[in-house]
$ cat protein-v1.csv   # CSV, C-alpha atoms
chain,number,residue,atom,x,y,z
G,220,MET,CA,0.0,0.0,0.0
G,221,THR,CA,2.9,2.3,0.9
G,222,GLY,CA,4.1,1.9,-2.7
G,223,LYS,CA,1.4,4.3,-4.0
G,224,PHE,CA,2.3,7.3,-1.8
G,225,ILE,CA,4.9,9.9,-0.9
G,226,LEU,CA,5.6,9.9,2.8
G,227,TRP,CA,7.5,12.8,4.3
G,228,ALA,CA,8.6,13.9,7.8
G,229,GLN,CA,11.2,16.4,9.1
G,230,ALA,CA,13.9,15.1,11.3
G,231,LEU,CA,13.4,15.9,15.0
G,232,ASP,CA,16.9,17.3,15.4
G,233,ASN,CA,16.2,19.9,12.6
G,234,ALA,CA,19.7,19.2,11.2
G,235,SER,CA,19.5,15.7,9.7
G,236,PRO,CA,17.9,15.3,6.2
G,237,ASP,CA,14.1,14.9,6.1
G,238,HIS,CA,12.7,11.4,6.0
G,239,ILE,CA,11.2,10.8,2.6
G,240,GLU,CA,9.7,7.7,1.0
G,241,MET,CA,8.4,7.7,-2.6
G,242,ARG,CA,6.4,4.9,-4.0
G,243,GLY,CA,7.9,2.4,-1.6
G,244,ASP,CA,11.6,3.6,-1.9
G,245,THR,CA,13.4,5.3,1.0
G,246,LEU,CA,15.1,8.3,-0.6
G,247,SER,CA,18.6,8.8,0.7
G,248,PRO,CA,20.0,12.3,1.2
G,249,GLU,CA,22.2,11.8,-1.9
G,250,ASP,CA,19.2,11.1,-4.1
G,251,ILE,CA,18.7,14.9,-4.5
G,252,ALA,CA,16.7,14.7,-7.8
G,253,ARG,CA,14.1,12.3,-6.4
G,254,ARG,CA,13.8,14.1,-3.1
G,255,GLN,CA,13.2,17.4,-4.9
G,256,GLU,CA,10.7,15.6,-7.1
G,257,ALA,CA,8.8,14.3,-4.1
G,258,VAL,CA,8.7,17.7,-2.4
G,259,SER,CA,7.6,19.4,-5.6
G,260,LEU,CA,4.8,16.9,-6.0
G,261,VAL,CA,3.5,17.5,-2.5
G,262,SER,CA,3.9,21.3,-2.8
G,263,GLY,CA,2.1,21.3,-6.1
G,264,VAL,CA,-1.0,19.9,-4.3
G,265,VAL,CA,-1.0,22.8,-1.9
G,266,LYS,CA,-0.3,25.4,-4.5
G,267,ALA,CA,-3.0,24.3,-6.9
G,268,GLY,CA,-5.5,22.8,-4.5
G,269,SER,CA,-7.6,23.7,-1.6
G,270,ARG,CA,-7.9,22.4,2.0
G,271,ILE,CA,-11.1,20.3,2.4
G,272,PHE,CA,-10.6,19.1,6.0
G,273,GLU,CA,-8.9,20.5,9.1
G,274,GLY,CA,-9.3,19.3,12.6
G,275,ALA,CA,-7.1,18.3,15.6
G,276,GLY,CA,-4.0,18.9,13.6
G,277,VAL,CA,-5.1,16.7,10.7
G,278,GLN,CA,-5.2,18.6,7.4
G,279,LEU,CA,-6.4,17.3,4.0
G,280,THR,CA,-5.7,19.2,0.8
G,281,GLU,CA,-6.6,18.2,-2.7
G,282,ASP,CA,-6.2,19.6,-6.2
G,283,GLY,CA,-8.5,17.4,-8.2
G,284,ARG,CA,-5.9,14.7,-9.0
G,285,ARG,CA,-3.8,14.4,-5.9
G,286,PHE,CA,-4.3,14.7,-2.1
G,287,ALA,CA,-1.8,15.7,0.7
G,288,VAL,CA,-2.7,14.9,4.3
G,289,GLU,CA,-0.7,16.1,7.3
G,290,VAL,CA,-1.0,14.3,10.6
G,291,PRO,CA,0.6,15.2,13.9
G,292,SER,CA,3.0,12.7,15.4
G,293,VAL,CA,3.3,12.2,19.2
G,294,GLU,CA,7.0,13.4,19.2
G,295,ARG,CA,8.2,17.0,19.2
G,296,ASP,CA,11.3,18.3,17.6
G,297,ARG,CA,14.4,19.6,19.5
G,298,ALA,CA,12.9,23.1,19.5
G,299,GLY,CA,9.7,21.8,21.1
G,300,ARG,CA,7.6,22.1,17.9
G,301,ALA,CA,5.0,19.7,16.8
G,302,ALA,CA,6.4,17.4,14.2
G,303,PRO,CA,3.8,16.3,11.6
G,304,ILE,CA,4.0,13.6,9.0
G,305,VAL,CA,2.7,14.1,5.4
G,306,CYS,CA,1.3,11.5,3.0
G,307,CYS,CA,0.6,12.5,-0.6
G,308,GLY,CA,-0.9,10.4,-3.4
G,309,ASP,CA,-3.1,10.2,-6.5
G,310,TYR,CA,-6.8,9.6,-6.5
G,311,ASP,CA,-9.5,9.3,-9.2
G,312,SER,CA,-13.2,9.8,-9.5
G,313,THR,CA,-13.9,6.3,-8.0
G,314,VAL,CA,-12.3,7.2,-4.7
G,315,ASP,CA,-13.7,5.1,-1.8
G,316,ASP,CA,-13.2,4.5,1.9
G,317,ALA,CA,-10.4,2.1,1.2
G,318,LEU,CA,-8.1,5.0,0.3
G,319,GLY,CA,-8.4,6.6,3.7
G,320,VAL,CA,-7.7,3.2,5.3
G,321,SER,CA,-4.7,2.7,3.1
G,322,VAL,CA,-3.3,6.2,3.9
G,323,ALA,CA,-3.7,5.7,7.6
G,324,VAL,CA,-1.9,2.3,7.5
G,325,SER,CA,0.9,3.8,5.4
G,326,LEU,CA,1.3,6.8,7.7
G,327,ASP,CA,1.4,4.5,10.8
G,328,GLY,CA,4.0,2.2,9.1
G,329,PHE,CA,6.2,5.1,8.0
G,330,ALA,CA,6.0,6.7,11.5
G,331,ARG,CA,7.2,3.4,13.0
G,332,ARG,CA,10.0,3.0,10.5
G,333,ILE,CA,11.4,6.4,11.4
G,334,GLY,CA,11.0,5.9,15.2
G,335,ARG,CA,7.9,8.0,15.6
G,336,SER,CA,4.2,7.3,16.5
G,337,ILE,CA,0.8,8.6,15.6
G,338,LEU,CA,-2.1,8.6,18.1
G,339,PRO,CA,-4.9,6.2,17.2
G,340,GLU,CA,-7.4,9.1,17.3
G,341,HIS,CA,-5.3,11.0,14.7
G,342,LEU,CA,-5.2,7.9,12.4
G,343,LYS,CA,-9.0,7.6,12.8
G,344,LEU,CA,-9.5,11.2,11.9
G,345,THR,CA,-7.2,10.7,8.9
G,346,ARG,CA,-9.4,7.9,7.7
G,347,GLU,CA,-12.6,9.9,8.3
G,348,SER,CA,-11.2,13.0,6.5
G,349,PHE,CA,-11.2,11.0,3.3
G,350,VAL,CA,-15.0,11.1,3.4
G,351,PHE,CA,-14.7,14.7,2.4
G,352,LEU,CA,-12.5,13.8,-0.5
G,353,LYS,CA,-15.1,11.2,-1.6
G,354,LYS,CA,-17.8,13.9,-1.3
G,355,LYS,CA,-15.8,16.4,-3.2
G,356,SER,CA,-15.0,13.9,-5.9
G,357,SER,CA,-18.7,12.9,-6.3
G,358,THR,CA,-19.7,16.6,-6.4
G,359,ARG,CA,-17.1,17.1,-9.1
G,360,ARG,CA,-18.3,14.1,-11.0
G,361,LEU,CA,-21.9,15.3,-10.8
G,362,ALA,CA,-20.9,18.8,-12.0
G,363,ARG,CA,-19.0,17.2,-14.9
G,364,ALA,CA,-22.1,15.1,-15.7
G,365,ILE,CA,-24.4,18.2,-15.6
G,366,ARG,CA,-21.9,20.1,-17.8
G,367,THR,CA,-21.8,17.2,-20.3
G,368,GLY,CA,-25.6,16.9,-20.2
G,369,ALA,CA,-26.0,20.7,-20.8
G,370,VAL,CA,-23.6,20.6,-23.8
G,371,ALA,CA,-25.5,17.6,-25.2
G,372,LEU,CA,-28.8,19.4,-24.8
G,373,VAL,CA,-27.5,22.5,-26.5
G,374,LEU,CA,-26.2,20.4,-29.4
G,375,LEU,CA,-29.6,18.6,-29.6
G,376,ALA,CA,-31.4,21.9,-29.6
G,377,LEU,CA,-29.1,23.3,-32.3
G,378,ALA,CA,-29.6,20.2,-34.4
G,379,TYR,CA,-33.4,20.4,-34.0
G,380,TRP,CA,-33.4,24.1,-34.9
G,381,LEU,CA,-31.3,23.4,-38.0
G,382,ALA,CA,-33.6,20.5,-38.9
G,383,THR,CA,-36.8,22.6,-38.5
G,384,ARG,CA,-35.2,25.3,-40.7
G,385,GLY,CA,-34.4,22.8,-43.4
G,386,PHE,CA,-30.6,23.1,-43.1
G,387,LEU,CA,-30.2,19.4,-42.5
G,388,GLU,CA,-32.3,18.3,-45.5
G,389,LYS,CA,-30.5,17.1,-48.6
I,268,MET,CA,15.4,93.0,10.4
I,269,PRO,CA,15.7,91.8,13.9
I,270,VAL,CA,18.0,88.8,14.6
I,271,GLN,CA,15.0,86.9,16.2
I,272,ILE,CA,13.1,87.0,12.9
I,273,LEU,CA,16.1,85.8,10.9
I,274,ILE,CA,16.5,82.9,13.4
I,275,LEU,CA,12.8,82.1,13.1
I,276,ILE,CA,13.0,82.1,9.3
I,277,ALA,CA,16.1,79.9,9.4
I,278,VAL,CA,14.4,77.5,11.8
I,279,GLY,CA,11.3,77.4,9.5
I,280,VAL,CA,13.3,76.7,6.4
I,281,ALA,CA,15.3,74.0,8.2
I,282,SER,CA,12.1,72.4,9.5
I,283,LEU,CA,10.6,72.5,6.1
I,284,LEU,CA,13.6,70.9,4.5
I,285,TRP,CA,13.9,68.3,7.2
I,286,GLY,CA,10.2,67.6,6.9
I,287,LYS,CA,10.6,67.3,3.2
I,288,SER,CA,13.5,64.9,3.5
I,289,LEU,CA,11.6,62.8,6.0
I,290,ALA,CA,8.6,62.7,3.8
I,291,LYS,CA,10.9,61.8,0.9
I,292,ALA,CA,12.4,59.0,2.9
I,293,TRP,CA,8.9,57.8,4.0
I,294,ASP,CA,7.8,57.8,0.3
I,295,LYS,CA,10.8,55.7,-0.5
I,296,ILE,CA,9.9,53.1,2.1
I,297,VAL,CA,6.3,52.9,1.0
I,298,GLU,CA,7.3,52.8,-2.6
I,299,ALA,CA,9.8,50.1,-1.9
I,300,PHE,CA,7.3,47.7,-0.3
I,301,LYS,CA,4.1,48.7,-2.0
I,302,GLY,CA,2.4,45.5,-3.3
I,303,LYS,CA,5.7,43.6,-3.0
I,304,ARG,CA,5.9,39.9,-3.1
I,305,VAL,CA,8.2,38.7,-0.3
I,306,ALA,CA,10.0,35.3,-0.3
I,307,VAL,CA,11.0,34.1,3.2
I,308,LEU,CA,13.8,31.5,2.9
I,309,GLY,CA,16.1,29.8,5.3
I,310,ALA,CA,17.0,26.4,6.9
I,311,ARG,CA,14.7,24.6,9.4
I,312,GLY,CA,14.0,26.2,12.7
I,313,VAL,CA,15.2,29.7,11.8
I,314,GLY,CA,11.8,31.4,12.2
I,315,LYS,CA,10.3,31.5,8.6
I,316,THR,CA,6.8,30.5,9.7
I,317,HIS,CA,7.0,33.0,12.6
I,318,LEU,CA,8.0,35.8,10.3
I,319,ILE,CA,5.4,35.0,7.7
I,320,LYS,CA,2.7,34.7,10.3
I,321,PHE,CA,3.7,38.2,11.6
I,322,LEU,CA,3.9,39.7,8.1
I,323,THR,CA,0.5,38.3,7.1
I,324,SER,CA,-1.5,38.6,10.3
I,325,GLY,CA,0.4,41.0,12.6
I,326,SER,CA,0.5,38.2,15.3
I,327,ILE,CA,3.0,35.5,16.1
I,328,PRO,CA,2.1,31.7,16.1
I,329,ALA,CA,0.3,30.6,19.3
I,330,GLU,CA,1.7,27.1,18.7
I,331,TYR,CA,4.7,26.1,16.8
I,332,LYS,CA,5.0,23.2,14.4
I,333,GLN,CA,7.6,22.1,11.8
I,334,THR,CA,6.6,23.2,8.3
I,335,VAL,CA,6.4,20.0,6.2
I,336,LEU,CA,3.4,20.7,4.0
I,337,PRO,CA,3.7,24.2,2.5
I,338,GLU,CA,1.2,26.8,3.8
I,339,LYS,CA,-0.4,29.5,1.7
I,340,ALA,CA,0.0,32.9,3.3
I,341,PRO,CA,-2.4,35.6,2.1
I,342,GLY,CA,-1.3,39.1,1.3
I,343,ARG,CA,-2.3,42.0,3.5
I,344,TRP,CA,-1.8,45.6,4.5
I,345,LEU,CA,0.9,45.6,7.1
I,346,GLN,CA,0.6,48.3,9.7
I,347,LEU,CA,3.6,48.6,11.9
I,348,LYS,CA,4.3,51.8,13.9
I,349,ASP,CA,4.0,54.5,11.3
I,350,LEU,CA,4.5,52.0,8.4
I,351,ASP,CA,1.5,51.0,6.3
I,352,LEU,CA,2.6,48.6,3.5
I,353,LYS,CA,0.9,46.2,1.1
I,354,LEU,CA,2.5,42.8,0.9
I,355,ARG,CA,1.3,40.2,-1.6
I,356,ASP,CA,0.5,36.6,-0.8
I,357,THR,CA,3.4,34.1,-0.4
I,358,LEU,CA,4.1,30.5,0.5
I,359,ASP,CA,5.6,29.1,3.7
I,360,VAL,CA,7.9,26.3,2.6
I,361,SER,CA,10.0,23.7,4.2
I,362,GLY,CA,13.6,24.5,5.1
I,363,ASP,CA,15.0,21.2,4.0
I,364,LYS,CA,17.4,21.1,1.1
I,365,ALA,CA,14.9,19.0,-0.8
I,366,ALA,CA,12.8,22.1,-1.0
I,367,TYR,CA,15.4,24.1,-3.0
I,368,ALA,CA,13.2,23.9,-6.1
I,369,GLU,CA,10.3,25.5,-4.1
I,370,TRP,CA,12.7,28.1,-2.8
I,371,LYS,CA,13.8,29.0,-6.3
I,372,GLU,CA,10.2,29.3,-7.5
I,373,LEU,CA,9.5,31.7,-4.6
I,374,HIS,CA,12.7,33.6,-5.2
I,375,ASP,CA,12.1,34.0,-8.9
I,376,ARG,CA,8.7,35.6,-8.5
I,377,SER,CA,9.6,37.8,-5.5
I,378,ASP,CA,10.6,41.5,-5.3
I,379,VAL,CA,12.1,41.1,-1.8
I,380,VAL,CA,14.0,38.1,-0.4
I,381,PHE,CA,14.4,37.6,3.3
I,382,TYR,CA,17.0,35.0,4.0
I,383,LEU,CA,16.9,33.9,7.7
I,384,LEU,CA,19.7,32.3,9.6
I,385,ARG,CA,20.5,31.4,13.2
I,386,ALA,CA,22.8,34.4,14.1
I,387,ASP,CA,23.3,33.0,17.6
I,388,ARG,CA,24.8,29.8,16.4
I,389,LEU,CA,26.8,31.3,13.6
I,390,ILE,CA,28.4,33.7,16.0
I,391,GLN,CA,29.3,30.8,18.3
I,392,GLY,CA,31.1,29.2,15.3
I,393,ASP,CA,28.6,26.3,14.7
I,394,GLY,CA,30.1,24.5,11.8
I,395,LYS,CA,26.8,22.8,10.8
I,396,VAL,CA,25.0,26.1,10.5
I,397,GLU,CA,27.9,27.6,8.6
I,398,SER,CA,27.9,24.6,6.2
I,399,ARG,CA,24.2,24.8,5.7
I,400,VAL,CA,24.4,28.6,5.0
I,401,SER,CA,27.2,27.9,2.6
I,402,ASP,CA,25.0,25.4,0.7
I,403,ASP,CA,22.1,27.9,0.7
I,404,LEU,CA,24.4,30.7,-0.5
I,405,HIS,CA,25.6,28.5,-3.4
I,406,HIS,CA,21.9,28.1,-4.6
I,407,ILE,CA,20.6,31.6,-3.8
I,408,GLY,CA,23.7,33.2,-5.3
I,409,SER,CA,23.1,31.5,-8.7
I,410,TRP,CA,19.4,32.5,-8.6
I,411,LEU,CA,20.3,36.1,-7.9
I,412,ASP,CA,22.9,36.1,-10.7
I,413,ALA,CA,20.2,34.8,-13.1
I,414,ARG,CA,18.0,37.8,-12.3
I,415,ARG,CA,20.8,40.4,-12.8
I,416,SER,CA,18.4,42.7,-14.6
I,417,SER,CA,15.6,42.5,-12.1
I,418,ARG,CA,17.4,41.5,-8.9
I,419,PRO,CA,15.2,41.4,-5.8
I,420,GLN,CA,16.2,43.2,-2.7
I,421,PHE,CA,18.1,40.8,-0.5
I,422,PHE,CA,17.9,40.8,3.3
I,423,ILE,CA,20.0,38.6,5.5
I,424,ILE,CA,18.1,38.4,8.8
I,425,GLY,CA,20.0,36.9,11.7
I,426,THR,CA,17.5,35.5,14.2
I,427,HIS,CA,17.6,34.1,17.7
I,428,CYS,CA,20.0,36.7,19.0
I,429,ASP,CA,18.2,36.5,22.3
I,430,LEU,CA,19.9,33.1,22.8
I,431,ASP,CA,23.3,34.7,22.6
I,432,ARG,CA,24.4,35.9,26.1
I,433,GLU,CA,26.6,38.6,24.6
I,434,PHE,CA,23.6,40.1,22.7
I,435,ARG,CA,21.4,40.0,25.8
I,436,THR,CA,23.8,42.0,27.8
I,437,LEU,CA,24.5,44.6,25.2
I,438,THR,CA,24.0,48.2,26.0
I,439,ALA,CA,22.5,50.4,23.3
I,440,ASP,CA,25.9,51.9,22.3
I,441,LYS,CA,27.4,48.5,21.8
I,442,VAL,CA,24.8,47.1,19.4
I,443,GLY,CA,26.7,48.5,16.4
I,444,ASP,CA,29.8,46.7,17.4
I,445,TYR,CA,27.9,43.4,17.7
I,446,VAL,CA,26.4,43.9,14.2
I,447,ASP,CA,29.8,44.8,12.8
I,448,LYS,CA,31.3,41.6,14.4
I,449,PHE,CA,28.5,39.6,12.7
I,450,ARG,CA,29.0,41.3,9.3
I,451,LYS,CA,32.7,40.4,9.5
I,452,LEU,CA,32.1,36.7,9.7
I,453,PRO,CA,33.5,35.2,6.4
I,454,ILE,CA,30.3,33.5,5.5
I,455,ILE,CA,28.3,36.7,6.0
I,456,CYS,CA,30.8,38.6,3.9
I,457,GLU,CA,30.3,36.0,1.2
I,458,LEU,CA,26.5,36.2,1.5
I,459,VAL,CA,26.6,40.0,1.2
I,460,ALA,CA,28.9,39.8,-1.8
I,461,ARG,CA,26.7,37.2,-3.6
I,462,GLY,CA,23.7,39.2,-2.7
I,463,GLY,CA,25.0,42.2,-4.7
I,464,GLY,CA,27.2,43.9,-2.2
I,465,ALA,CA,26.5,46.0,0.9
I,466,HIS,CA,24.2,48.4,-1.0
I,467,GLN,CA,22.0,45.6,-2.3
I,468,ALA,CA,22.2,43.0,0.5
I,469,LYS,CA,21.2,44.3,3.9
I,470,VAL,CA,22.0,42.6,7.2
I,471,VAL,CA,19.6,42.8,10.1
I,472,LEU,CA,20.0,41.2,13.5
I,473,GLY,CA,17.5,40.6,16.2
I,474,SER,CA,15.1,38.3,18.0
I,475,MET,CA,11.6,37.1,17.5
I,476,ALA,CA,11.1,35.8,21.0
I,477,THR,CA,8.1,38.0,21.6
I,478,LEU,CA,5.7,40.0,19.5
I,479,HIS,CA,7.5,43.2,20.5
I,480,ASP,CA,10.9,41.8,19.4
I,481,THR,CA,9.4,40.7,16.1
I,482,GLU,CA,8.0,44.1,15.5
I,483,LEU,CA,11.4,45.7,16.2
I,484,LEU,CA,13.1,43.3,13.9
I,485,VAL,CA,10.7,43.8,11.0
I,486,TYR,CA,10.8,47.6,11.6
I,487,GLN,CA,14.6,47.4,11.3
I,488,VAL,CA,14.3,45.5,8.1
I,489,PHE,CA,11.9,48.1,6.6
I,490,MET,CA,14.1,51.0,7.8
I,491,GLN,CA,17.1,49.5,6.0
I,492,VAL,CA,15.4,50.4,2.7
I,493,ILE,CA,16.3,54.0,3.2
I,494,SER,CA,19.8,53.6,4.7
$ encode --input "protein-v1.csv" --output "structure tokens"
Amino acid sequence: MTGKFILWAQALDNASPDHIEMRGDTLSPEDIARRQEAVSLVSGVVKAGSRIFEGAGVQLTEDGRRFAVEVPSVERDRAGRAAPIVCCGDYDSTVDDALGVSVAVSLDGFARRIGRSILPEHLKLTRESFVFLKKKSSTRRLARAIRTGAVALVLLALAYWLATRGFLEK
Amino acid sequence: MPVQILILIAVGVASLLWGKSLAKAWDKIVEAFKGKRVAVLGARGVGKTHLIKFLTSGSIPAEYKQTVLPEKAPGRWLQLKDLDLKLRDTLDVSGDKAAYAEWKELHDRSDVVFYLLRADRLIQGDGKVESRVSDDLHHIGSWLDARRSSRPQFFIIGTHCDLDREFRTLTADKVGDYVDKFRKLPIICELVARGGGAHQAKVVLGSMATLHDTELLVYQVFMQVIS
């Protein structure tokens, strides 16, 4: 499941390189190109998208094709700041509850691998936040269907008008 | 004509000229920051989020968290003491080196670049901080060079000075010496040189420990425009 996502967390000492996994690979500090690619993909969601859920430190942003969710971890950094973990991935119009579950499992696994932990209530909230993505996606699908229907109706009306005027007759 | 009248006229003319030069200086500040897009860059934990929060809301964060997911920061009119400036929206980005591409994008569309660094640790000779600043310098320097015709104003802002005992115990007349000492650090000399020289790259030192300190620091930054 982790293979689908980008997982990203800052080091707690604020000096070591950030922890980044992309589609199942742990990106080493020397893998500069892929690290920058991962960060740019995540940033792109925020730049082009909008936040659709925010609560108890969990934030979900989407841009129509990708999502980025930020979840607090239990640990704090050396400066005493909260240290969130980010998961970013693609989704399509058929998004369902399984995506939220998959993201929560991936976040939990990643947190453990880097020696961190996420509270069960934050993982639950992460799963639940994807209901908003599902809703947004269905609304977008409905809007697309309405737009297509409207265009079809206009074309039909035009064809009818042309037919009644005799333009379509041979 | 009695001497008193001559003195009064002289005082009047002097006041008028002084007032005019003040007004001119003030216009310069307002013009320099009117509708400007600001890029706030720097390593992790230097205070980027804190400064952006202050610039975009006039307050400082109630709770601190690492910036992993970038945060959109809306533009606003900034009112500070007698300053009233319009700043455009910006983005609060991660301080990790993996975010250099994001930094470059911010830099390339900005009119003013604030580069933040931990002055307290640099003054103490922290090799890690120096090495990181050197890496940042390498990147920012090339971005600045690429914008030779429309170079942004470049500010080097040394933060966390309150954590340096020497700074905390400074008397007002010794602040200048402290700033000079900081400016003479080889890495700062190099930063200033790559930033376009002392005229183009300004150095400001201070603390953001409290709202008042942050106001003072930002005010200092804005006042540098006319120096």
$ atom_distance --input "protein-v1.csv" --atom1 "atom CA of Thr280 of chain G" --atom2 "atom CA of Gly309 of chain I"
24.7 Å
$ interface_residues --input "protein-v1.csv" --of "chain G" --to "chain I" --cutoff "6 Å" --atoms "only C-alpha atoms" --output "PyMOL selection string"
chain G and resi 233+254-255+300-302
$ atom_distance --input "protein-v1.csv" --atom1 "atom CA of Gly268 of chain G" --atom2 "atom CA of Cys306 of chain G"
15.2 Å
$ residues_near_point --input "protein-v1.csv" --point "(5.8, 7.0, 2.6)" --cutoff "8 Å" --atoms "only C-alpha atoms" --output "PyMOL selection string"
chain G and resi 221-222+224-227+239-243+245+306+325-326+329
$ residues_around --input "protein-v1.csv" --residues "Gly425 of chain I" --least-positions-apart "3" --cutoff "7 Å" --atoms "only C-alpha atoms" --output "ChimeraX atom specification"
/I:383-386,471-473
$ atom_distance --input "protein-v1.csv" --atom1 "atom CA of Thr477 of chain I" --atom2 "atom CA of Thr323 of chain I"
16.4 Å
$ closest_residue --input "protein-v1.csv" --among "I:Ala329, I:Ile455, I:Leu354, I:Ala465" --to "Tyr382 of chain I" --atoms "all atoms listed in the file"
I:Ile455
$ closest_residue --input "protein-v1.csv" --among "G:Leu344, G:Ala378, G:Leu372, G:Val293" --to "Gly274 of chain G" --atoms "only C-alpha atoms"
G:Leu344
$ residues_around --input "protein-v1.csv" --residues "segment 345-357 of chain G" --least-positions-apart "2" --cutoff "7 Å" --atoms "only C-alpha atoms" --output "ChimeraX atom specification"
/G:271-272,277,279,312,314-316,319-320,323,341-343,359-361
$ closest_residue --input "protein-v1.csv" --among "I:Glu372, I:Glu433, I:Arg414, I:Phe381" --to "Leu318 of chain I" --atoms "all atoms listed in the file"
I:Phe381
$ closest_residue --input "protein-v1.csv" --among "G:Ile251, G:Ala362, G:Ala230, G:Ala369" --to "Asp296 of chain G" --atoms "only C-alpha atoms"
G:Ala230
$ closest_residue --input "protein-v1.csv" --among "I:Asp440, I:Asp378, I:Asp403, I:Glu457" --to "Leu308 of chain I" --atoms "only C-alpha atoms"
I:Asp403
$ residues_around --input "protein-v1.csv" --residues "Tyr445 of chain I" --least-positions-apart "2" --cutoff "12 Å" --atoms "only C-alpha atoms" --output "list of chain:residue names"
I:Ala386, I:Asp387, I:Ile390, I:Gly425, I:Cys428, I:Asp431, I:Arg432, I:Glu433, I:Phe434, I:Arg435, I:Thr436, I:Leu437, I:Thr438, I:Ala439, I:Asp440, I:Lys441, I:Val442, I:Gly443, I:Asp447, I:Lys448, I:Phe449, I:Arg450, I:Lys451, I:Leu452, I:Val471, I:Leu472, I:Gly473
